[in-house]
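Structure file coords25.txt (compact mmCIF, C-alpha atoms) is printed below.
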# COMPACT_ATOMS: atom_id res chain seq x y z
CA MET A 5 2.51 9.45 -13.82
CA VAL A 6 4.37 8.26 -16.89
CA TRP A 7 2.46 6.72 -19.77
CA ILE A 8 4.67 4.20 -21.46
CA SER A 9 2.72 2.65 -24.27
CA PRO A 10 -0.29 3.32 -26.46
CA VAL A 11 -3.46 1.28 -26.29
CA GLY A 12 -2.96 -2.17 -27.75
CA ASN A 13 -5.38 -4.53 -29.35
CA THR A 14 -6.11 -7.37 -26.92
CA PRO A 15 -9.11 -6.17 -24.97
CA PHE A 16 -9.49 -8.62 -22.11
CA SER A 17 -12.43 -6.52 -20.94
CA ALA A 18 -14.31 -7.43 -24.13
CA LYS A 19 -14.05 -11.18 -23.62
CA ASP A 20 -17.09 -13.20 -22.60
CA LYS A 21 -15.38 -14.82 -19.62
CA PRO A 22 -13.37 -13.08 -16.93
CA THR A 23 -9.63 -13.49 -17.46
CA ILE A 24 -7.24 -13.88 -14.57
CA LEU A 25 -3.46 -13.61 -14.64
CA MET A 26 -1.54 -16.23 -12.68
CA CYS A 27 2.13 -17.18 -12.47
CA PRO A 28 3.15 -20.80 -11.79
CA PRO A 29 5.17 -21.16 -8.58
CA THR A 30 8.18 -22.71 -10.31
CA TYR A 31 10.62 -20.53 -8.37
CA PHE A 32 8.40 -19.74 -5.38
CA THR A 33 9.96 -19.96 -1.94
CA VAL A 34 10.44 -17.69 1.06
CA GLU A 35 13.87 -16.21 0.32
CA TYR A 36 13.60 -12.97 2.26
CA ALA A 37 11.32 -11.37 4.81
CA ILE A 38 9.36 -8.26 3.91
CA ASN A 39 6.27 -8.86 6.04
CA PRO A 40 5.59 -10.39 9.46
CA TRP A 41 4.39 -13.67 7.94
CA MET A 42 7.72 -14.19 6.20
CA GLU A 43 9.64 -13.34 9.37
CA GLU A 44 7.94 -16.19 11.20
CA ALA A 45 7.80 -18.61 8.29
CA PRO A 46 8.93 -22.21 8.71
CA PRO A 47 10.62 -23.69 5.63
CA CYS A 48 8.41 -23.73 2.56
CA ASP A 49 7.50 -27.05 0.95
CA VAL A 50 7.85 -26.06 -2.69
CA ASP A 51 6.36 -29.27 -4.08
CA LEU A 52 3.30 -28.85 -1.89
CA ALA A 53 3.09 -25.21 -2.98
CA LYS A 54 2.97 -26.33 -6.61
CA ARG A 55 0.13 -28.75 -5.88
CA GLN A 56 -1.78 -26.10 -3.97
CA TRP A 57 -1.34 -23.58 -6.80
CA GLU A 58 -2.65 -26.16 -9.29
CA ALA A 59 -5.69 -26.72 -7.09
CA LEU A 60 -6.37 -22.99 -7.10
CA TYR A 61 -5.90 -22.89 -10.88
CA LEU A 62 -8.47 -25.68 -11.29
CA ALA A 63 -10.91 -24.01 -8.91
CA ILE A 64 -10.72 -20.80 -10.93
CA THR A 65 -10.97 -22.38 -14.36
CA GLU A 66 -13.30 -25.33 -13.73
CA GLN A 67 -15.42 -24.34 -10.74
CA ALA A 68 -15.61 -20.59 -11.23
CA GLY A 69 -15.43 -20.66 -15.02
CA ALA A 70 -12.77 -18.02 -15.64
CA ASP A 71 -9.97 -18.05 -18.20
CA VAL A 72 -6.41 -17.91 -16.91
CA GLU A 73 -3.47 -16.23 -18.65
CA LEU A 74 -0.07 -17.39 -17.46
CA LEU A 75 2.88 -15.18 -16.68
CA GLU A 76 6.17 -16.99 -17.28
CA PRO A 77 7.97 -17.44 -13.94
CA VAL A 78 11.48 -16.05 -13.55
CA LYS A 79 14.26 -17.54 -11.46
CA GLY A 80 15.22 -15.20 -8.65
CA LEU A 81 11.79 -13.58 -8.47
CA PRO A 82 10.01 -15.82 -5.95
CA ASP A 83 7.16 -13.38 -5.33
CA LEU A 84 6.27 -13.03 -9.01
CA VAL A 85 3.71 -15.73 -8.24
CA PHE A 86 1.68 -13.02 -6.45
CA THR A 87 0.37 -11.44 -9.64
CA ALA A 88 -2.18 -9.29 -7.79
CA ASN A 89 0.63 -6.94 -6.90
CA ALA A 90 1.82 -6.36 -10.46
CA ALA A 91 -0.67 -3.63 -11.36
CA LEU A 92 -4.15 -2.27 -10.93
CA ILE A 93 -6.14 -3.09 -14.03
CA TYR A 94 -9.06 -0.91 -15.05
CA ASP A 95 -10.50 -1.38 -18.51
CA GLN A 96 -7.37 -1.49 -20.71
CA VAL A 97 -5.21 0.53 -18.33
CA ALA A 98 -2.53 -1.13 -16.19
CA VAL A 99 -1.23 1.08 -13.40
CA LEU A 100 2.04 -0.64 -12.61
CA ALA A 101 3.36 -1.41 -9.17
CA HIS A 102 6.40 0.34 -7.81
CA TYR A 103 7.42 -1.80 -4.85
CA LYS A 104 8.46 -0.43 -1.52
CA HIS A 105 10.97 -3.21 -0.96
CA PRO A 106 13.93 -3.49 -3.34
CA GLU A 107 13.59 -7.29 -3.21
CA ARG A 108 10.57 -7.05 -5.53
CA ARG A 109 11.59 -4.23 -7.84
CA ASP A 110 13.06 -6.51 -10.52
CA GLU A 111 9.49 -7.67 -11.11
CA GLU A 112 8.50 -4.21 -12.33
CA PRO A 113 10.11 -4.08 -15.82
CA TYR A 114 9.24 -7.72 -16.47
CA CYS A 115 5.56 -7.15 -15.72
CA ALA A 116 5.54 -3.84 -17.61
CA ARG A 117 6.67 -5.67 -20.75
CA TRP A 118 3.97 -8.30 -20.28
CA PHE A 119 1.21 -5.69 -20.00
CA GLU A 120 2.52 -3.77 -23.00
CA GLN A 121 2.71 -6.93 -25.08
CA HIS A 122 -0.86 -7.79 -24.12
CA GLY A 123 -2.36 -4.52 -25.26
CA PHE A 124 -2.60 -2.54 -22.06
CA GLN A 125 -2.04 1.16 -21.78
CA VAL A 126 0.63 1.19 -19.13
CA ALA A 127 1.11 3.85 -16.47
CA SER A 128 3.84 3.92 -13.85
CA MET A 129 4.44 5.77 -10.62
CA PRO A 130 7.20 8.34 -10.10
CA GLU A 131 10.32 6.93 -8.46
CA HIS A 132 9.52 8.31 -5.00
CA ILE A 133 5.92 7.04 -4.78
CA PHE A 134 5.27 3.42 -3.87
CA PHE A 135 2.21 1.55 -5.08
CA GLU A 136 1.63 -2.20 -4.89
CA GLY A 137 -0.96 -2.78 -7.59
CA ALA A 138 -4.22 -4.60 -6.97
CA GLY A 139 -2.77 -5.69 -3.65
CA ASP A 140 -3.56 -2.20 -2.42
CA ALA A 141 -6.30 -1.03 -4.80
CA LEU A 142 -9.61 -2.82 -5.21
CA LEU A 143 -12.37 -1.82 -7.58
CA TRP A 144 -15.78 -1.68 -5.99
CA GLN A 145 -18.63 -0.49 -8.20
CA ASP A 146 -17.68 3.00 -9.41
CA ARG A 147 -14.83 3.60 -7.01
CA VAL A 148 -11.61 2.16 -5.63
CA PHE A 149 -10.88 1.12 -2.07
CA ALA A 150 -7.16 1.68 -1.67
CA GLY A 151 -4.86 0.88 1.22
CA TYR A 152 -1.88 2.94 2.27
CA LYS A 153 0.91 3.40 4.77
CA THR A 154 2.39 -0.09 5.10
CA ARG A 155 3.43 -0.62 1.47
CA THR A 156 1.63 1.91 -0.69
CA ASP A 157 1.95 5.69 -0.39
CA ILE A 158 -1.26 7.68 -0.22
CA ALA A 159 0.17 9.98 -2.91
CA SER A 160 -0.30 7.13 -5.39
CA HIS A 161 -4.05 7.35 -4.91
CA ASN A 162 -4.22 10.69 -6.73
CA LEU A 163 -2.36 9.12 -9.63
CA LEU A 164 -4.82 6.24 -9.67
CA THR A 165 -7.63 8.75 -10.03
CA ALA A 166 -5.72 10.44 -12.84
CA ALA A 167 -5.26 7.11 -14.64
CA THR A 168 -8.76 5.70 -14.17
CA SER A 169 -11.00 8.73 -13.53
CA LEU A 170 -12.36 6.82 -10.55
CA PRO A 171 -12.68 8.22 -7.03
CA VAL A 172 -10.28 6.55 -4.63
CA LEU A 173 -11.21 5.99 -1.01
CA SER A 174 -8.01 5.88 1.00
CA LEU A 175 -7.91 3.40 3.89
CA GLU A 176 -5.04 3.41 6.35
CA LEU A 177 -3.79 -0.09 7.17
CA ILE A 178 -3.00 -0.20 10.87
CA ASN A 179 -1.92 -3.81 11.35
CA PRO A 180 1.42 -4.87 9.81
CA ARG A 181 0.08 -8.40 9.31
CA PHE A 182 -2.55 -6.93 6.98
CA TYR A 183 0.04 -5.11 4.93
CA HIS A 184 -2.06 -4.89 1.75
CA VAL A 185 -5.73 -3.96 1.58
CA ASP A 186 -6.48 -7.19 -0.31
CA VAL A 187 -5.65 -9.27 2.75
CA CYS A 188 -8.31 -7.51 4.82
CA LEU A 189 -11.00 -6.41 2.35
CA CYS A 190 -12.56 -8.01 -0.70
CA PRO A 191 -15.30 -6.63 -2.94
CA LEU A 192 -17.71 -9.29 -4.20
CA ALA A 193 -20.41 -9.52 -6.81
CA ASP A 194 -23.71 -7.75 -6.28
CA GLY A 195 -22.19 -5.04 -4.10
CA HIS A 196 -21.16 -7.29 -1.24
CA LEU A 197 -17.91 -6.68 0.56
CA ILE A 198 -15.91 -8.87 2.95
CA TYR A 199 -13.70 -6.98 5.41
CA SER A 200 -11.80 -7.41 8.63
CA PRO A 201 -12.81 -4.48 10.89
CA ASP A 202 -9.69 -4.96 13.02
CA ALA A 203 -7.43 -4.09 10.11
CA PHE A 204 -8.69 -0.51 9.95
CA ASP A 205 -8.91 2.43 12.31
CA ASP A 206 -12.15 4.23 13.19
CA TYR A 207 -11.82 6.49 10.16
CA GLY A 208 -11.33 3.57 7.78
CA ARG A 209 -14.24 1.63 9.21
CA ALA A 210 -16.42 4.74 8.91
CA VAL A 211 -15.44 5.15 5.24
CA ILE A 212 -16.27 1.52 4.48
CA GLU A 213 -19.57 1.68 6.33
CA ALA A 214 -20.52 4.96 4.61
CA ASN A 215 -19.98 3.47 1.18
CA VAL A 216 -21.28 -0.06 1.49
CA PRO A 217 -24.87 -0.70 2.54
CA GLN A 218 -25.06 -2.46 5.90
CA GLU A 219 -26.80 -5.51 4.46
CA LYS A 220 -23.97 -5.98 1.94
CA LEU A 221 -21.14 -5.80 4.47
CA ILE A 222 -19.71 -9.11 5.63
CA PRO A 223 -17.37 -8.64 8.60
CA VAL A 224 -14.76 -11.33 9.13
CA SER A 225 -13.41 -12.23 12.56
CA ALA A 226 -9.77 -11.51 13.38
CA GLU A 227 -9.17 -15.24 13.65
CA GLU A 228 -10.49 -16.02 10.16
CA ALA A 229 -8.87 -12.92 8.68
CA ALA A 230 -5.55 -14.25 9.98
CA ARG A 231 -6.19 -17.33 7.84
CA PHE A 232 -6.54 -14.99 4.85
CA ALA A 233 -10.31 -15.38 4.56
CA CYS A 234 -10.55 -11.87 3.07
CA ASN A 235 -7.95 -12.70 0.42
CA ALA A 236 -10.57 -14.23 -1.84
CA VAL A 237 -11.08 -14.64 -5.57
CA ASN A 238 -14.59 -13.85 -6.73
CA VAL A 239 -15.85 -14.86 -10.18
CA HIS A 240 -19.57 -14.41 -10.72
CA ASP A 241 -21.19 -16.08 -7.68
CA THR A 242 -18.18 -18.25 -6.77
CA VAL A 243 -15.82 -17.20 -4.00
CA ILE A 244 -12.51 -19.03 -3.56
CA PHE A 245 -10.27 -18.68 -0.52
CA ASN A 246 -7.98 -20.54 1.85
CA GLN A 247 -9.56 -23.28 3.88
CA GLY A 248 -10.39 -22.96 7.56
CA SER A 249 -12.90 -20.11 7.87
CA PRO A 250 -16.25 -21.77 8.65
CA GLN A 251 -18.04 -18.61 9.71
CA LEU A 252 -17.28 -16.84 6.44
CA VAL A 253 -18.26 -19.95 4.49
CA SER A 254 -21.60 -19.91 6.28
CA ASP A 255 -22.11 -16.16 5.80
CA LEU A 256 -21.40 -16.39 2.08
CA LYS A 257 -23.57 -19.43 1.49
CA SER A 258 -26.46 -17.73 3.27
CA ARG A 259 -26.16 -14.91 0.74
CA GLY A 260 -26.23 -17.29 -2.19
CA PHE A 261 -22.53 -17.56 -3.01
CA ASN A 262 -20.82 -20.81 -4.00
CA VAL A 263 -17.78 -21.24 -1.81
CA VAL A 264 -14.63 -23.13 -2.79
CA GLU A 265 -11.99 -23.64 -0.11
CA VAL A 266 -8.46 -24.45 -1.22
CA ASP A 267 -5.51 -25.33 1.01
CA LEU A 268 -2.94 -22.59 0.39
CA SER A 269 -0.84 -23.07 3.51
CA GLU A 270 2.53 -22.77 1.75
CA PHE A 271 1.65 -19.37 0.33
CA LEU A 272 0.47 -18.13 3.72
CA LYS A 273 4.08 -18.50 4.84
CA SER A 274 4.87 -15.74 2.38
CA GLY A 275 1.92 -13.60 3.44
CA GLY A 276 -0.26 -14.37 0.45
CA SER A 277 -3.26 -16.48 -0.46
CA ALA A 278 -5.85 -16.92 -3.20
CA LYS A 279 -6.39 -13.30 -4.21
CA CYS A 280 -2.68 -12.48 -4.05
CA LEU A 281 -2.05 -15.29 -6.55
CA THR A 282 -4.38 -13.75 -9.13
CA LEU A 283 -4.89 -10.56 -11.07
CA ARG A 284 -8.19 -9.89 -12.79
CA LEU A 285 -7.47 -8.66 -16.30
CA GLY A 286 -10.94 -7.99 -17.53
CA MET B 24 -9.58 28.54 10.68
CA MET B 25 -7.59 27.87 13.84
CA SER B 26 -8.20 24.75 15.86
CA GLY B 27 -8.36 26.77 19.06
CA ILE B 28 -6.38 24.19 21.03
CA ALA B 29 -3.24 26.22 21.48
CA GLU B 30 -1.92 29.63 20.72
CA PRO B 31 0.14 29.60 17.54
CA ALA B 32 3.78 29.46 18.51
CA GLY B 33 6.74 30.90 16.71
CA LEU B 34 7.49 27.81 14.67
CA SER B 35 5.39 26.87 11.71
CA ALA B 36 5.43 24.95 8.46
CA THR B 37 3.00 25.04 5.60
CA VAL B 38 1.87 21.80 4.02
CA GLU B 39 -0.46 20.79 1.25
CA LEU B 40 -2.70 17.75 0.97
CA LYS B 41 -4.41 16.48 -2.14
CA GLY B 42 -6.78 13.60 -2.64
CA HIS B 43 -10.23 12.42 -1.74
CA LEU B 44 -9.67 14.08 1.60
CA ILE B 45 -13.30 14.46 2.61
CA ASP B 46 -14.74 11.11 1.51
CA SER B 47 -11.71 9.26 2.91
CA LEU B 48 -11.85 11.25 6.18
CA THR B 49 -8.18 12.10 5.66
CA LEU B 50 -8.69 15.73 6.62
CA SER B 51 -10.45 14.73 9.85
CA LYS B 52 -7.61 12.37 10.65
CA VAL B 53 -4.95 14.98 9.96
CA VAL B 54 -6.45 17.68 12.17
CA ASP B 55 -7.06 15.14 14.93
CA ARG B 56 -3.41 14.07 14.76
CA VAL B 57 -2.20 17.66 14.91
CA GLN B 58 -4.13 18.22 18.10
CA GLN B 59 -3.12 14.88 19.62
CA LEU B 60 0.53 15.80 19.07
CA GLY B 61 0.18 19.18 20.76
CA GLY B 62 0.25 21.33 17.68
CA ASP B 63 -2.15 23.72 16.11
CA TYR B 64 -3.14 24.46 12.56
CA GLN B 65 -4.68 27.00 10.27
CA LEU B 66 -6.49 26.07 7.09
CA ASN B 67 -5.35 28.61 4.52
CA ASP B 68 -7.11 27.33 1.47
CA ILE B 69 -9.55 24.53 0.72
CA HIS B 70 -10.64 23.41 -2.70
CA VAL B 71 -13.27 20.68 -2.65
CA GLY B 72 -13.70 18.71 -5.84
CA SER B 73 -17.14 19.20 -7.33
CA LEU B 74 -17.50 15.74 -8.88
CA LYS B 75 -16.98 12.42 -7.13
CA LYS B 76 -13.84 11.74 -9.14
CA ASP B 77 -12.38 15.21 -8.50
CA ILE B 78 -9.73 15.40 -5.85
CA SER B 79 -9.71 18.08 -3.16
CA SER B 80 -6.75 20.12 -2.03
CA ILE B 81 -5.92 21.86 1.20
CA ASN B 82 -3.18 24.25 2.18
CA MET B 83 -2.59 24.42 5.91
CA THR B 84 -0.07 25.89 8.28
CA LEU B 85 1.07 23.82 11.24
CA TYR B 86 2.16 25.52 14.44
CA ALA B 87 4.26 24.11 17.24
CA GLN B 88 5.91 25.35 20.39
CA ASP B 89 9.29 23.91 19.49
CA GLN B 90 11.24 22.29 16.70
CA ILE B 91 10.87 18.77 18.07
CA THR B 92 7.07 19.05 18.08
CA LEU B 93 7.05 20.54 14.60
CA ASP B 94 9.27 17.74 13.30
CA ARG B 95 6.99 15.23 14.98
CA LEU B 96 3.95 16.79 13.32
CA LEU B 97 5.54 16.73 9.89
CA GLU B 98 6.68 13.15 10.34
CA ALA B 99 3.26 12.04 11.59
CA LEU B 100 1.36 13.75 8.79
CA ALA B 101 3.60 12.68 5.93
CA PRO B 102 1.94 9.25 5.56
CA TYR B 103 -1.36 11.07 4.99
CA GLY B 104 0.16 12.96 2.09
CA ALA B 105 0.95 16.23 3.85
CA VAL B 106 3.91 17.54 1.97
CA ALA B 107 5.79 20.70 2.74
CA ASN B 108 4.81 23.41 0.36
CA SER B 109 8.16 24.80 -0.49
CA ASP B 110 9.82 26.11 -3.57
CA GLN B 111 12.72 27.06 -1.38
CA GLU B 112 15.87 25.04 -1.13
CA ALA B 113 16.54 23.42 2.22
CA SER B 114 18.19 25.72 4.75
CA ARG B 115 21.88 25.09 5.32
CA THR B 116 24.03 25.54 8.36
CA VAL B 117 27.78 25.21 8.38
CA VAL B 118 29.13 23.38 11.40
CA CYS B 119 31.57 25.51 13.39
CA GLU B 120 34.63 24.26 15.23
CA GLN B 121 33.17 25.03 18.66
CA ASP B 122 29.82 23.24 18.06
CA GLY B 123 31.15 19.83 19.02
CA GLN B 124 27.69 18.44 18.34
CA PRO B 125 24.99 19.09 15.76
CA PRO B 126 23.46 22.55 15.74
CA ALA B 127 20.20 22.86 17.65
CA MET B 128 18.23 22.63 14.45
CA ALA B 129 19.84 19.39 13.31
CA PHE B 130 17.45 16.85 11.94
CA GLY B 131 17.11 13.58 13.83
CA VAL B 132 16.54 10.46 11.79
CA LYS B 133 15.74 7.10 13.28
CA LEU B 134 17.14 4.05 11.54
CA ARG B 135 15.51 0.72 12.27
CA ARG B 136 16.12 -2.54 10.43
CA ARG B 137 15.56 -6.21 11.05
CA VAL B 138 18.57 -8.27 10.07
CA HIS B 139 18.55 -11.98 9.35
CA THR B 140 21.68 -13.73 10.61
CA ALA B 141 22.57 -17.26 11.69
CA GLN B 142 21.04 -16.36 15.05
CA GLY B 143 17.70 -15.53 13.41
CA TRP B 144 16.01 -12.17 13.03
CA GLN B 145 17.36 -9.32 15.11
CA THR B 146 16.22 -5.76 15.33
CA VAL B 147 18.84 -3.04 15.27
CA GLU B 148 17.94 0.52 15.87
CA ASN B 149 19.75 3.76 16.15
CA GLY B 150 17.76 6.62 17.53
CA GLY B 151 20.26 9.16 16.31
CA PRO B 152 20.94 11.88 16.33
CA TRP B 153 21.49 11.66 12.64
CA VAL B 154 21.63 14.70 10.45
CA LEU B 155 21.02 15.56 6.86
CA SER B 156 24.18 16.82 5.32
CA LEU B 157 24.93 18.23 1.93
CA GLU B 158 28.10 17.06 0.23
CA ASN B 159 28.86 18.57 -3.17
CA GLY B 160 25.18 19.31 -3.55
CA VAL B 161 24.12 15.75 -2.77
CA PRO B 162 21.96 15.25 0.36
CA LYS B 163 23.07 12.44 2.67
CA VAL B 164 22.16 11.07 6.08
CA LYS B 165 25.11 10.82 8.43
CA PRO B 166 25.58 10.27 12.15
CA ALA B 167 25.92 13.48 14.09
CA CYS B 168 29.10 12.21 15.71
CA ALA B 169 30.79 12.11 12.31
CA LEU B 170 30.27 15.82 11.70
CA LYS B 171 33.32 18.00 11.54
CA ALA B 172 33.89 21.70 11.31
CA GLY B 173 33.03 23.03 7.87
CA ASP B 174 30.44 20.37 7.07
CA THR B 175 27.11 21.63 5.76
CA VAL B 176 23.99 20.31 7.47
CA LEU B 177 20.37 20.96 6.61
CA SER B 178 18.15 22.56 9.20
CA GLY B 179 14.62 23.77 9.76
CA THR B 180 11.67 22.47 7.77
CA SER B 181 11.74 24.34 4.49
CA GLY B 182 12.83 22.42 1.45
CA LEU B 183 12.35 19.08 3.16
CA GLN B 184 9.63 16.50 2.80
CA TRP B 185 8.95 13.81 5.31

As C-alpha cells, the full file:
Amino acid sequence: MVWISPVGNTPFSAKDKPTILMCPPTYFTVEYAINPWMEEAPPCDVDLAKRQWEALYLAITEQAGADVELLEPVKGLPDLVFTANAALIYDQVAVLAHYKHPERRDEEPYCARWFEQHGFQVASMPEHIFFEGAGDALLWQDRVFAGYKTRTDIASHNLLTAATSLPVLSLELINPRFYHVDVCLCPLADGHLIYSPDAFDDYGRAVIEANVPQEKLIPVSAEEAARFACNAVNVHDTVIFNQGSPQLVSDLKSRGFNVVEVDLSEFLKSGGSAKCLTLRLG
Amino acid sequence: MMSGIAEPAGLSATVELKGHLIDSLTLSKVVDRVQQLGGDYQLNDIHVGSLKKDISSINMTLYAQDQITLDRLLEALAPYGAVANSDQEASRTVVCEQDGQPPAMAFGVKLRRRVHTAQGWQTVENGGPWVLSLENGVPKVKPACALKAGDTVLSGTSGLQW
C-alpha cells in the first residue's frame, strides 16, 4: 500500500447531504470488450445514453436529495463514466483502483489527481494486485463486503483493512456476468441488503447469511439480477435502479423504501447500471 | 494437522494465506479444494486475529503425488491468496542438447484470449506446453518448442507464485 498524499481539507463526510461522484457520458461508448455484456453488446446509442444519464442525475439530486460532484470526462476513456470503480471511499480515505484490464488503467492517474485535489488521503495498490474500487468493495455497517477473483485480487482485501481498519468479508464471484460485487449485492439503509444468491457459491452465501439478519436480506431473482436490479443507488430511504424488476420494486416498497426506476439500457451494454455510474463520497 | 485423505507424497509446497480467513470461510474453501483436487495438506501455523478487524494468517504445506497435481493445487489456490512461502530464487534447469522437449519439470502455462476481428469475437487458446525461461535474469514465458540447448528454464515450485 502506497500513501500518496496527506489529508486534505474538503471533508465530504462532514457535509449535511450525501455527495455522489458522477462523470457525464460525453465520451461513453462500447469500444472494447472486457466483460460478457460488452462481448454481446449491440451498438450503443450515445445520445440515448446521455439522456439516460441525465435522468439518473435528476433522480439522485431531486428525488433522493443528494449532491453530485462531477468528474470531467476524458476522450479515450469511455468507462470513466463508471465512477464506482475509481476507488473505495471510507471517511476521507480513497483506496484507488488498479484495474485488471489495461484498457482502463489510464483512468487511474486521472482519478488519483481528482481525489488528491479534493482532499482525500489517497492509497494505491501495489502493481501486481488488482482492485476495482467500490465496484468490488461495499461498506455495510462496520465491515466491507468485497468481491474477488473476476477482477479484484483477494490480496487487495488485506490492504483495504490496512487502509480503513475495517474487517473485510471476501466473497468469491462465480459468474462472469456478475464480474463486480456491486452488480450482485447492494447494502441499503437500516441494515438491509439486496443480493443475487446465484452470483455466489455456498461459502459466499453462508458468509452473507451469517452477517445479515434474515429479515434484512432481500434476495433478487436471477432474471432481475440480470437486469442489474442489485446495481442500485441508495440515498436515505430512496433506492434507484434500472427499470424492469417488479419483484424487487415490490419487496422494497413493502419494507418502506421509495423506489425510482430509471431506464439505463445503454449502460447495460457496457455491463454497468445505476450504482456503477456513481461513487458515494461521504 | 493432516487432512487424512491421502498419505503425504514426496512432492510438497508451502504456502501462506492472510486475511479474514475464518469469517470469510476462505480457509474452509481452501482445504476443501485441496481434497477435491486429490492433494493433502498440513497446517503448520495458524494465527487468528483477536479483534474483528485483525487479519488471520495460516502457513500450510500442500502435498501431492505428482508435479501436475501440485501445480494444479497451487494454481487453484492462488485466487484465494495462497502464495508460495519462499525466500528462495526459482529453481533453474539448463536445457541439454538431447532433451528435445522441455524437462519433466517444465511449467505449463495456458494462454487463452478472445480476439475481436471482422468476423466477430473468436477464442484462441494454446494449452502449451509453455515454459518459464530466464533470459539475462528476466523471466519470460515461451513456447516449449522454441527451447534450444543452453536455454535456462524454471522448474519446480519454489520461487514461483501462481

Residues of chain B within 7 Å of chain A, only C-alpha atoms counted, as a short mmCIF file (atom, residue, chain, number, x, y, z; two decimals) with C-alpha atoms, in the frame of the given file:
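Writing the result to iface-v7.cif gives the following:
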data_model
loop_
_atom_site.label_atom_id
_atom_site.label_comp_id
_atom_site.auth_asym_id
_atom_site.auth_seq_id
_atom_site.Cartn_x
_atom_site.Cartn_y
_atom_site.Cartn_z
CA GLY B 42 -6.78 13.60 -2.64
CA HIS B 43 -10.23 12.42 -1.74
CA ASP B 46 -14.74 11.11 1.51
CA SER B 47 -11.71 9.26 2.91
CA LEU B 48 -11.85 11.25 6.18
CA LYS B 75 -16.98 12.42 -7.13
CA LYS B 76 -13.84 11.74 -9.14
CA PRO B 102 1.94 9.25 5.56
CA TYR B 103 -1.36 11.07 4.99
CA GLY B 104 0.16 12.96 2.09
#

Report task. Please provide as a PyMOL selection string all residues within 8 Å of B:Arg95, with the sequence filter that same-chain residues fewer than 4 positions apart are discarded (counting only C-alpha atoms). Result -> chain B and resi 60+91+99

Report task. Select, from A:Val34, A:Met26, A:Val187, A:Val266, the residue with the minimum atom-to-atom distance to A:Cys234, counting all atoms listed in the file. Result -> A:Val187

**Report entry** Length of the atom CA of B:Leu183 to atom CA of B:Pro166 vector [Å]
**Finding:** 18.3 Å

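Comparing the minimum interatomic distances between A:Leu60 and each of A:Lys273, A:Ser225, A:Pro28, A:Asp194, counting only C-alpha atoms, we find that A:Pro28 sits nearest.
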
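For the atom pair formed by atom CA of B:Gly182 and atom CA of B:Ser80, the distance is 20.0 Å, given to one decimal.
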
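Taking atom CA of A:Tyr31 and atom CA of A:Asn246 as endpoints, the distance between them is 21.2 Å.
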
Query raised in the report: In terms of the shortest atom-to-atom distance over all atoms listed in the file, which of A:Ala167, A:Val148, A:Ala236, A:Ala226 is closest to A:Arg181?
Result: A:Ala226

Query - Within 9 Å of B:Arg115 using all atoms listed in the file, minus same-chain residues under 6 positions, as an MDAnalysis selection string - result: chainID B and resid 156:157 175:179

**Report entry** Residue neighbourhood A:Asp20, 10 Å, all atoms listed in the file, exclusion window fewer than 6 positions, as a ChimeraX atom specification
**Finding:** /A:70-71,286

Pull C-alpha atoms from the residues just selected and write them as a short mmCIF file (atom, residue, chain, number, x, y, z; two decimals), in the frame of the given file.
data_model
loop_
_atom_site.label_atom_id
_atom_site.label_comp_id
_atom_site.auth_asym_id
_atom_site.auth_seq_id
_atom_site.Cartn_x
_atom_site.Cartn_y
_atom_site.Cartn_z
CA ALA A 70 -12.77 -18.02 -15.64
CA ASP A 71 -9.97 -18.05 -18.20
CA GLY A 286 -10.94 -7.99 -17.53
#
